[in-house]
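**Student:** Here it is: the structure, laid out below.
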Amino acid sequence: RTEFALKEIMSSGAAEDDIPQAERKTVTDFCYLLDKSKQLFNGLRDLPQYGQKQWQSYFGRTFDVYTKLWKFQQQHRQVLDNRYGLKRWQIGEIASKIGQLYYHYYLRTSETSYLNEAFSFYSAIRQRSYYSQVNKEDRPELVVKKLRYYARFIVVCLLLNKMDVVKDLVKELSDEIEDYTHRFNTEDQVEWNLVLQEVAAFIEADPVMVLNDDNTIVITSNRLSETGAPLLEQGMIVGQLALADALIIGNCNNQVKFSELTIDMFRMLQALEREPMNLASQMNKPGMQESTEKPARRENPHKYLLYKPTFSQLYTFLAASFKELPANSVLLIYLSATGVFPSGRSDSEGPYDFGGVLTNSNRDIINGDAIHKRNQSYKEMHCLHPGDLYPFTRKPLFIIVDSSNSVAYKNFTNLFGQPLVCLLSPTAYPKALQDQSQRGSLFTLFLNNPLMAFLFVSGLSSMRRGLWEKCQDYLRKINRDIAQLLTHSRSIDQSFLQFFGDEFLRLLLTRFIFCSATMRMHKIFRETRNYPESYPQLPRDETVENPHLQKHILELASILDVRNVFLENTLDDY
């Protein structure tokens, strides 16, 4: 490629001898860096997606080359313009690749600060109009690069809750797609229009709008803030375990999704992250930080995001997480998936007889032929049964199941005596409740944004910012009281207390109890299957049916003027 570039220079009218040696070297060096960067970037695809150590040095080398390439084209722009014919879209491509590197580094590390870095590179491309000339060239593949850049930028903005930017980008992308399909009459028009539909549905997934006084929408973040989790108080005896790894698995039919992220997966990943810090002050490349400059705050737990994984993929990632789990650490498994129910009556009641959840909807294919399992003796291959998780209970395990067959996981057995908790969603919601399943599960919404979920079940669809903030303050008080109830309970299973020392798990547990108490007090949630459950069971009278907590929920309902949707004398109704 370097020789080709030099021949191009010669054919542009200048004899090779006329080109100063320094300028020829500049072009040669640029071509070398460009080739090397592409080679390393393409090699990232071959790295295993699981395991946290093997990929770091390779990522470091790739960042290194891209950093040199970016600085090199800045320093020698004039020579590269004149002698190489460097186009603005090519600079945009380099910036886009650096943005992708930061985004993938975020996916690998779960460190939200790298999202900010990806955002800054993607923003620069838009502000400096690097791709603006692409539409003048008669090359559809270049326009596709531009469209893909928009799609990637939108994903990063969604993850950073920059909804105003997302809306602008969607409008621009829509115009670009229209122009692209009009000019080139391509076959991928349907696919690109589907991308637009998906992101539009994703933006509108929240069932409640928080409004400023001028009726603009307030963007609320649901990552862990400094005041998020209730603080541990003196006298609270809890374990020292820390959440280190999480598998977030999504396979819900018809649920809003964008890229390979369902709305439930999106909400849960945010519940397991801290608010991002800006990395602008840190000059070190990812993977190259000096050990003396460790951040004061604890890191986010590492996450794997698995959309519709096959059983073998899921087990591979589970095994990798289990293997690399540090001492005194917890592995979290979040399952948002369609229920698989037992196909017939079974004589035994073992861990494979209650069904489970379906992690992948594809039929098994052998030699290209789909197997139709009409024979009832076959069990669904991609169903994750409670028994499939037994080997991993050798270490502390925290499981959340959001499914129509979540109760299959009530029949767990703690074989190894390690801390083990399963939080299980209701298996059905009241028919009177407006069906919102396409916009995400109500149970997961309670774990991600409990106030929004409370407003939704109370029949509210919008709220002023001032009242929202007042209710958030009151909810923090409720969380503190739930923490007191849980840690002072005499009959609670010790597993709950073992996990309560970790901020993320503490917040999930308090939100779970708030969710369960709210549903038990609500007038239309009257069937047992409408309530969340847990393994081990919580002592109801000390937690989810505690009169003190019920009084708080009624008080919150009074602030919102929706007390009429809740039962006043709940204890009398059981």
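The chains in the structure tokens are called A, B, ... from first to last as shown; in each chain the residues are counted from 1, and the ligands are counted from 1 in the order shown.
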Mind checking DSSP for range 74-266 of chain A and telling me the helix (DSSP H, G or I) residues as a ChimeraX atom specification?
**Tutor:** /A:74-75,77-84,88-109,113-127,134-136,140-159,163-184,189-203,263-266
**Student:** Could you pull out the strand (DSSP E or B) residues of range 112-324 of chain A from DSSP and send them as a PyMOL selection string?
**Tutor:** chain A and resi 209-211+217+224+242-251+257-258+261-262+274+302-307
**Student:** Have a look at CA of Leu455 in chain A and CA of Thr518 in chain A and let me know their distance in Å, one decimal.
**Tutor:**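 Separating CA of Leu455 in chain A from CA of Thr518 in chain A is a distance of 11.0 Å.
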**Student:** Go through A:Phe454, A:Phe119, A:Tyr409, A:Tyr474 one by one, measure the shortest atom-to-atom distance of each to Phe566 in chain A using only C-alpha atoms, and give the residue with the smallest value.
**Tutor:** A:Phe454
**Student:** Skipping near chain neighbours, those fewer than 4 positions away, what residues fall within 12 Å of Pro386 in chain A using only C-alpha atoms, listed as an MDAnalysis selection string?
**Tutor:** chainID A and resid 333 335 340 349:357 390:393 399:401 405:414 422 535
**Student:** Just write the chosen residues, C-alpha atoms, as a CSV table (one decimal), in the first residue's frame.
**Tutor:**
```csv
chain,number,residue,atom,x,y,z
A,333,ILE,CA,-26.5,-13.4,37.0
A,335,LEU,CA,-31.9,-13.2,33.4
A,340,VAL,CA,-40.0,-22.4,29.6
A,349,GLU,CA,-39.1,-32.8,41.5
A,350,GLY,CA,-35.5,-32.2,40.8
A,351,PRO,CA,-33.7,-29.0,39.6
A,352,TYR,CA,-34.5,-29.8,36.0
A,353,ASP,CA,-38.2,-30.6,36.4
A,354,PHE,CA,-39.6,-27.1,36.9
A,355,GLY,CA,-38.5,-25.6,33.6
A,356,GLY,CA,-36.5,-22.4,33.5
A,357,VAL,CA,-35.9,-19.5,31.1
A,390,TYR,CA,-25.7,-25.5,40.8
A,391,PRO,CA,-22.0,-25.9,39.9
A,392,PHE,CA,-21.5,-22.1,40.2
A,393,THR,CA,-22.9,-22.0,43.8
A,399,ILE,CA,-29.3,-14.3,40.9
A,400,ILE,CA,-32.1,-12.1,39.5
A,401,VAL,CA,-34.7,-13.7,37.3
A,405,ASN,CA,-41.4,-18.8,34.9
A,406,SER,CA,-39.1,-17.1,37.5
A,407,VAL,CA,-40.6,-19.4,40.2
A,408,ALA,CA,-38.7,-22.3,38.8
A,409,TYR,CA,-35.7,-20.8,40.7
A,410,LYS,CA,-37.6,-21.0,44.0
A,411,ASN,CA,-36.7,-24.7,44.0
A,412,PHE,CA,-33.0,-24.0,44.4
A,413,THR,CA,-30.8,-25.9,46.8
A,414,ASN,CA,-27.7,-24.4,48.4
A,422,CYS,CA,-32.4,-15.4,44.0
A,535,TYR,CA,-34.9,-17.8,47.6
```
**Student:** Can you list, as a ChimeraX atom specification, every protein, DNA or RNA residue that comes within 12 Å of Leu314 in chain A when you count only C-alpha atoms, leaving out same-chain residues fewer than 2 positions away?
**Tutor:** /A:49-50,247-250,304-312,316-321,333-335,358-360,382-384,388-389
**Student:** Given only C-alpha atoms as the basis, pick out the residue of A:Gly99, A:Pro536, A:Pro430, A:Gly235 nearest to Tyr150 in chain A.
**Tutor:**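 Selected residue with least distance to Tyr150 in chain A: A:Gly99.
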**Student:** Mind giving me the straight-line distance from CA of Leu69 in chain A to CA of Val156 in chain A in Å, one decimal?
**Tutor:**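 So the answer is 23.4 Å.
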**Student:** Would you compute the distance between CA of Ala124 in chain A and CA of Lys36 in chain A? Give it in Å to one decimal.
**Tutor:**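 According to the coordinates, CA of Ala124 in chain A and CA of Lys36 in chain A are separated by 23.4 Å.
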**Student:** Excluding Tyr114 in chain A and any residue of its chain fewer than 5 positions from it, enumerate the residues within 8 Å of it, using only C-alpha atoms, and give them as a PDB file with N, CA, C and O atoms, in the first residue's frame.
**Tutor:**
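The resulting file, out15.pdb, is shown below:
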```
ATOM      1  N   TYR A 102     -12.576   3.101  22.325  1.00  0.00           N
ATOM      2  CA  TYR A 102     -12.985   3.503  23.686  1.00  0.00           C
ATOM      3  C   TYR A 102     -14.282   2.811  24.090  1.00  0.00           C
ATOM      4  O   TYR A 102     -14.431   2.368  25.231  1.00  0.00           O
ATOM      5  N   TYR A 103     -15.232   2.711  23.150  1.00  0.00           N
ATOM      6  CA  TYR A 103     -16.504   2.054  23.462  1.00  0.00           C
ATOM      7  C   TYR A 103     -16.275   0.580  23.808  1.00  0.00           C
ATOM      8  O   TYR A 103     -16.816   0.073  24.795  1.00  0.00           O
ATOM      9  N   TYR A 105     -13.551  -0.686  24.884  1.00  0.00           N
ATOM     10  CA  TYR A 105     -12.824  -0.752  26.163  1.00  0.00           C
ATOM     11  C   TYR A 105     -13.813  -0.626  27.324  1.00  0.00           C
ATOM     12  O   TYR A 105     -13.675  -1.293  28.351  1.00  0.00           O
ATOM     13  N   TYR A 106     -14.831   0.218  27.143  1.00  0.00           N
ATOM     14  CA  TYR A 106     -15.904   0.306  28.157  1.00  0.00           C
ATOM     15  C   TYR A 106     -16.598  -1.042  28.317  1.00  0.00           C
ATOM     16  O   TYR A 106     -16.827  -1.517  29.436  1.00  0.00           O
ATOM     17  N   LEU A 279     -12.457  11.590  32.005  1.00  0.00           N
ATOM     18  CA  LEU A 279     -11.046  11.171  31.970  1.00  0.00           C
ATOM     19  C   LEU A 279     -10.117  12.243  31.410  1.00  0.00           C
ATOM     20  O   LEU A 279      -8.942  12.004  31.239  1.00  0.00           O
TER      21      LEU A 279
END
```
**Student:** For range 252-268 of chain A, list every protein, DNA or RNA residue within 10 Å, evaluated using only C-alpha atoms, and leave out those in the same chain fewer than 4 positions away; present the list as an MDAnalysis selection string.
**Tutor:** chainID A and resid 151:152 154:155 158:159 194:206 222:223 247:248 272:273 305:308 334:339 357:361 402:403 436:449
**Student:** Within 6 Å of range 207-213 of chain A, counting only C-alpha atoms, which residues show up once you throw out same-chain ones fewer than 2 positions away? Write them as a VMD selection string, please.
**Tutor:** chain A and resid 215 to 218 461 to 465
